[in-house]
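What follows is a single structure, written as structure tokens, with notes after it.
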Amino acid sequence: MLQALYLLLEGVTVIVPVLLAVAFMTIIERKVLAATQRRVGPNTVGYYGILQPFSDALKLIIKETVIPAQANKVLFYLAPVLAIIVSLLGWAVVPFGTGLALSDFSLGVIYTLTLSSFGIYGVLFAGWSANSKYAFLGSLRATAALISYELILSSAVIIIIVLTGSFNYTQIIESQIPVWFIVPLAPIFILFFIAILAETSRVPFDLQEAESELVAGFFTEHSSIIFVLFFLAEYSSIVLFSTLTSILFLGGYNCPMIFINDTYLNLESVILGLKTCIFCFMFVWFRSTFPRIRTDQIIKFCWVSLLPMVMAFIILVPCLLVSFDWIV
Amino acid sequence: MASLFRFLRRSAHESPVYFYSLVIGFTGPAILAIVPPIRKRMGYELAEAVPTTYPVPKRERRSVSSEFDDPPPSKEVQEYLQAKEEATKNKFSHLYAKLPSRLRPEP
């Protein structure tokens, strides 16, 4: 019983800060977008507008839930729940510090890739169950893009796995003590980041949410609390993928020895958070910079441009490792 | 040779993704074919593996006298172990009965 409570407490200790981070990610996005457009942004609710996400959430929750008459109600409700569960489950294997992970799973990378594939079902169910042509088209576009870019994401991760010889995130972090992987694998990092932009359906790959064509994409018919769940899932995925990028390429919680101490102030987690913030900022920066590209261009860009490049690096990196006796 | 160069230059301009992907992709096997013989000729050798255990002596394992570090159990412990064994036998006696006689534990 005590063991179960302890496990529950561990889960809550991770989930609550993650949900807070997701909430503040929305205000960060709005503030950064405002700054890039020379606006003030939200500044009324709370000091500097930092309570705006809670105000938005409250507004959405007290709205009426409208469900289309011909919708498949089970899948209509299941889709957002599936989306949020899948995006939150990814945090189970993230190491926040030395030995600070809910599960230091030996196949953590595979687990993450599997979960990111499962995320497609939420999108597909939402689009199909709503019985709306906009939602359906949005979900089809999203599914095509997600499946395509999944390949690039997995291939980029495979190169890191070859380099470290492990699927475990902690070992991947420990392998980056001499040098962060962003230095030797800079081209792979660029491919990886493009893939995660597409995986999280962010600009310039947010074609399923193309407002001018598809209203709001696969969640056009979702309103109120179920819309909040989609919103949370999207931003949770952004923060999760930013964290994973900092783990895979910026050495995760690795930091100069001067920051490592035996006090209760664990600076490793803070360092990981700061690295994550860099990538979260990049997500917003790209949104404010790039225009959305067409759906056929996105698919073509993946299969015709990114795939040959990532395949070339998949051949090059192991050859270099074997040639210079880094792996025998 | 000049026509090959012109073809490569044209390919690099017309379809840079395929061209540079092929260049990068073929660089790997080329390095694999060229570098190891050069390294071998220059005297590079694999570093000795980092030991992950204490060195094990190359001889047979010496038997350790049980009197020294594994003394016979006291009378109380012996009684306890015997009682435990009997209890186990009684607990599984209905299962033992189903076994063929050659596998059945001695009473």
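As shown in the structure tokens, the chain order sets the letters A, B, ...; within each chain, residues go from 1, and ligands are also counted from 1 in the order they appear.
Residues of chain A having any atom within 9 Å of chain B, counting only C-alpha atoms, are A:Val304, A:Ser305, A:Leu306, A:Pro308, A:Met309, A:Val310, A:Met311, A:Ala312, A:Phe313, A:Ile314, A:Ile315, A:Leu316, A:Val317, A:Pro318, A:Cys319, A:Leu320, A:Val322, A:Ser323, A:Phe324, A:Asp325.
When atom CA of Ile327 of chain A is paired with atom CA of Phe241 of chain A, their separation reads 28.5 Å.
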Item to check | Close residues, segment 35-40 of chain A itself excluded, 10 Å, only C-alpha atoms, min 6 positions apart in chain, as an NGL selection string | outcome: :A and (29 or 48 or 284-285 or 288-289)
Print the selection's residues with all heavy atoms to a file, as a PDB file, in the first residue's frame.
```pdb
ATOM      1  N   GLU A  29       4.768  31.372 -25.515  1.00  0.00           N
ATOM      2  CA  GLU A  29       4.546  31.468 -26.956  1.00  0.00           C
ATOM      3  C   GLU A  29       3.913  32.804 -27.330  1.00  0.00           C
ATOM      4  O   GLU A  29       4.355  33.494 -28.245  1.00  0.00           O
ATOM      5  CB  GLU A  29       3.663  30.313 -27.414  1.00  0.00           C
ATOM      6  CG  GLU A  29       3.320  30.410 -28.880  1.00  0.00           C
ATOM      7  CD  GLU A  29       2.827  29.114 -29.467  1.00  0.00           C
ATOM      8  OE1 GLU A  29       2.027  28.448 -28.796  1.00  0.00           O
ATOM      9  OE2 GLU A  29       3.248  28.788 -30.574  1.00  0.00           O
ATOM     10  N   TYR A  48       2.633  40.818 -15.342  1.00  0.00           N
ATOM     11  CA  TYR A  48       3.256  40.571 -16.628  1.00  0.00           C
ATOM     12  C   TYR A  48       2.438  39.578 -17.461  1.00  0.00           C
ATOM     13  O   TYR A  48       2.931  38.987 -18.394  1.00  0.00           O
ATOM     14  CB  TYR A  48       4.696  40.053 -16.402  1.00  0.00           C
ATOM     15  CG  TYR A  48       5.597  40.148 -17.597  1.00  0.00           C
ATOM     16  CD1 TYR A  48       5.888  41.373 -18.198  1.00  0.00           C
ATOM     17  CD2 TYR A  48       6.162  39.007 -18.148  1.00  0.00           C
ATOM     18  CE1 TYR A  48       6.706  41.455 -19.289  1.00  0.00           C
ATOM     19  CE2 TYR A  48       6.993  39.073 -19.252  1.00  0.00           C
ATOM     20  CZ  TYR A  48       7.249  40.308 -19.823  1.00  0.00           C
ATOM     21  OH  TYR A  48       8.068  40.386 -20.927  1.00  0.00           O
ATOM     22  N   VAL A 284       8.815  28.382 -30.958  1.00  0.00           N
ATOM     23  CA  VAL A 284       8.026  29.617 -31.104  1.00  0.00           C
ATOM     24  C   VAL A 284       8.666  30.541 -32.145  1.00  0.00           C
ATOM     25  O   VAL A 284       7.979  31.172 -32.948  1.00  0.00           O
ATOM     26  CB  VAL A 284       7.924  30.330 -29.738  1.00  0.00           C
ATOM     27  CG1 VAL A 284       7.056  31.556 -29.864  1.00  0.00           C
ATOM     28  CG2 VAL A 284       7.363  29.400 -28.694  1.00  0.00           C
ATOM     29  N   TRP A 285       9.977  30.579 -32.121  1.00  0.00           N
ATOM     30  CA  TRP A 285      10.734  31.418 -33.056  1.00  0.00           C
ATOM     31  C   TRP A 285      10.404  31.006 -34.498  1.00  0.00           C
ATOM     32  O   TRP A 285      10.161  31.852 -35.357  1.00  0.00           O
ATOM     33  CB  TRP A 285      12.216  31.231 -32.741  1.00  0.00           C
ATOM     34  CG  TRP A 285      13.173  32.063 -33.515  1.00  0.00           C
ATOM     35  CD1 TRP A 285      12.948  33.258 -34.108  1.00  0.00           C
ATOM     36  CD2 TRP A 285      14.538  31.734 -33.754  1.00  0.00           C
ATOM     37  NE1 TRP A 285      14.082  33.709 -34.702  1.00  0.00           N
ATOM     38  CE2 TRP A 285      15.075  32.795 -34.503  1.00  0.00           C
ATOM     39  CE3 TRP A 285      15.358  30.669 -33.411  1.00  0.00           C
ATOM     40  CZ2 TRP A 285      16.393  32.801 -34.921  1.00  0.00           C
ATOM     41  CZ3 TRP A 285      16.674  30.671 -33.817  1.00  0.00           C
ATOM     42  CH2 TRP A 285      17.182  31.729 -34.561  1.00  0.00           C
ATOM     43  N   SER A 288       7.028  32.152 -35.560  1.00  0.00           N
ATOM     44  CA  SER A 288       6.924  33.575 -35.902  1.00  0.00           C
ATOM     45  C   SER A 288       7.690  33.915 -37.176  1.00  0.00           C
ATOM     46  O   SER A 288       7.554  35.006 -37.691  1.00  0.00           O
ATOM     47  CB  SER A 288       7.446  34.416 -34.739  1.00  0.00           C
ATOM     48  OG  SER A 288       8.815  34.188 -34.569  1.00  0.00           O
ATOM     49  N   THR A 289       8.506  32.984 -37.653  1.00  0.00           N
ATOM     50  CA  THR A 289       9.373  33.292 -38.788  1.00  0.00           C
ATOM     51  C   THR A 289       8.900  32.681 -40.102  1.00  0.00           C
ATOM     52  O   THR A 289       8.900  33.350 -41.129  1.00  0.00           O
ATOM     53  CB  THR A 289      10.801  32.771 -38.506  1.00  0.00           C
ATOM     54  OG1 THR A 289      11.189  33.208 -37.213  1.00  0.00           O
ATOM     55  CG2 THR A 289      11.779  33.310 -39.518  1.00  0.00           C
TER      56      THR A 289
END
```
Listing only residues of segment 134-244 of chain A within 9 Å of segment 59-82 of chain A, what is the closest atom pair and its distance in Å (to one decimal) for each, using only C-alpha atoms, sorted by chain and residue number ascending, as JSON lines?
```
{"residue": "A:Phe219", "atom": "CA", "partner": "A:Pro80", "partner_atom": "CA", "distance": 8.9}
{"residue": "A:Glu221", "atom": "CA", "partner": "A:Ile67", "partner_atom": "CA", "distance": 7.0}
{"residue": "A:His222", "atom": "CA", "partner": "A:Ile67", "partner_atom": "CA", "distance": 7.3}
{"residue": "A:Ser223", "atom": "CA", "partner": "A:Thr65", "partner_atom": "CA", "distance": 5.5}
{"residue": "A:Ser224", "atom": "CA", "partner": "A:Leu60", "partner_atom": "CA", "distance": 4.9}
{"residue": "A:Ile225", "atom": "CA", "partner": "A:Ile61", "partner_atom": "CA", "distance": 5.0}
{"residue": "A:Ile226", "atom": "CA", "partner": "A:Pro80", "partner_atom": "CA", "distance": 6.1}
{"residue": "A:Phe227", "atom": "CA", "partner": "A:Pro80", "partner_atom": "CA", "distance": 7.4}
{"residue": "A:Val228", "atom": "CA", "partner": "A:Leu60", "partner_atom": "CA", "distance": 6.9}
{"residue": "A:Leu229", "atom": "CA", "partner": "A:Pro80", "partner_atom": "CA", "distance": 5.6}
{"residue": "A:Phe230", "atom": "CA", "partner": "A:Pro80", "partner_atom": "CA", "distance": 5.3}
{"residue": "A:Phe231", "atom": "CA", "partner": "A:Pro80", "partner_atom": "CA", "distance": 9.0}
{"residue": "A:Ala233", "atom": "CA", "partner": "A:Pro80", "partner_atom": "CA", "distance": 7.9}
```
Those same residues, written as a compact mmCIF listing (two decimals), in the first residue's frame with C-alpha atoms?
```txt
# COMPACT_ATOMS: atom_id res chain seq x y z
CA PHE A 219 -10.24 19.22 -33.69
CA GLU A 221 -15.64 20.06 -33.82
CA HIS A 222 -14.06 19.65 -30.38
CA SER A 223 -14.96 22.33 -27.90
CA SER A 224 -14.69 23.12 -24.20
CA ILE A 225 -12.81 20.63 -22.00
CA ILE A 226 -12.05 18.13 -24.77
CA PHE A 227 -10.46 20.91 -26.77
CA VAL A 228 -8.35 21.77 -23.69
CA LEU A 229 -7.09 18.18 -23.69
CA PHE A 230 -5.94 18.49 -27.32
CA PHE A 231 -4.32 21.81 -26.48
CA ALA A 233 -1.41 17.32 -25.56
```
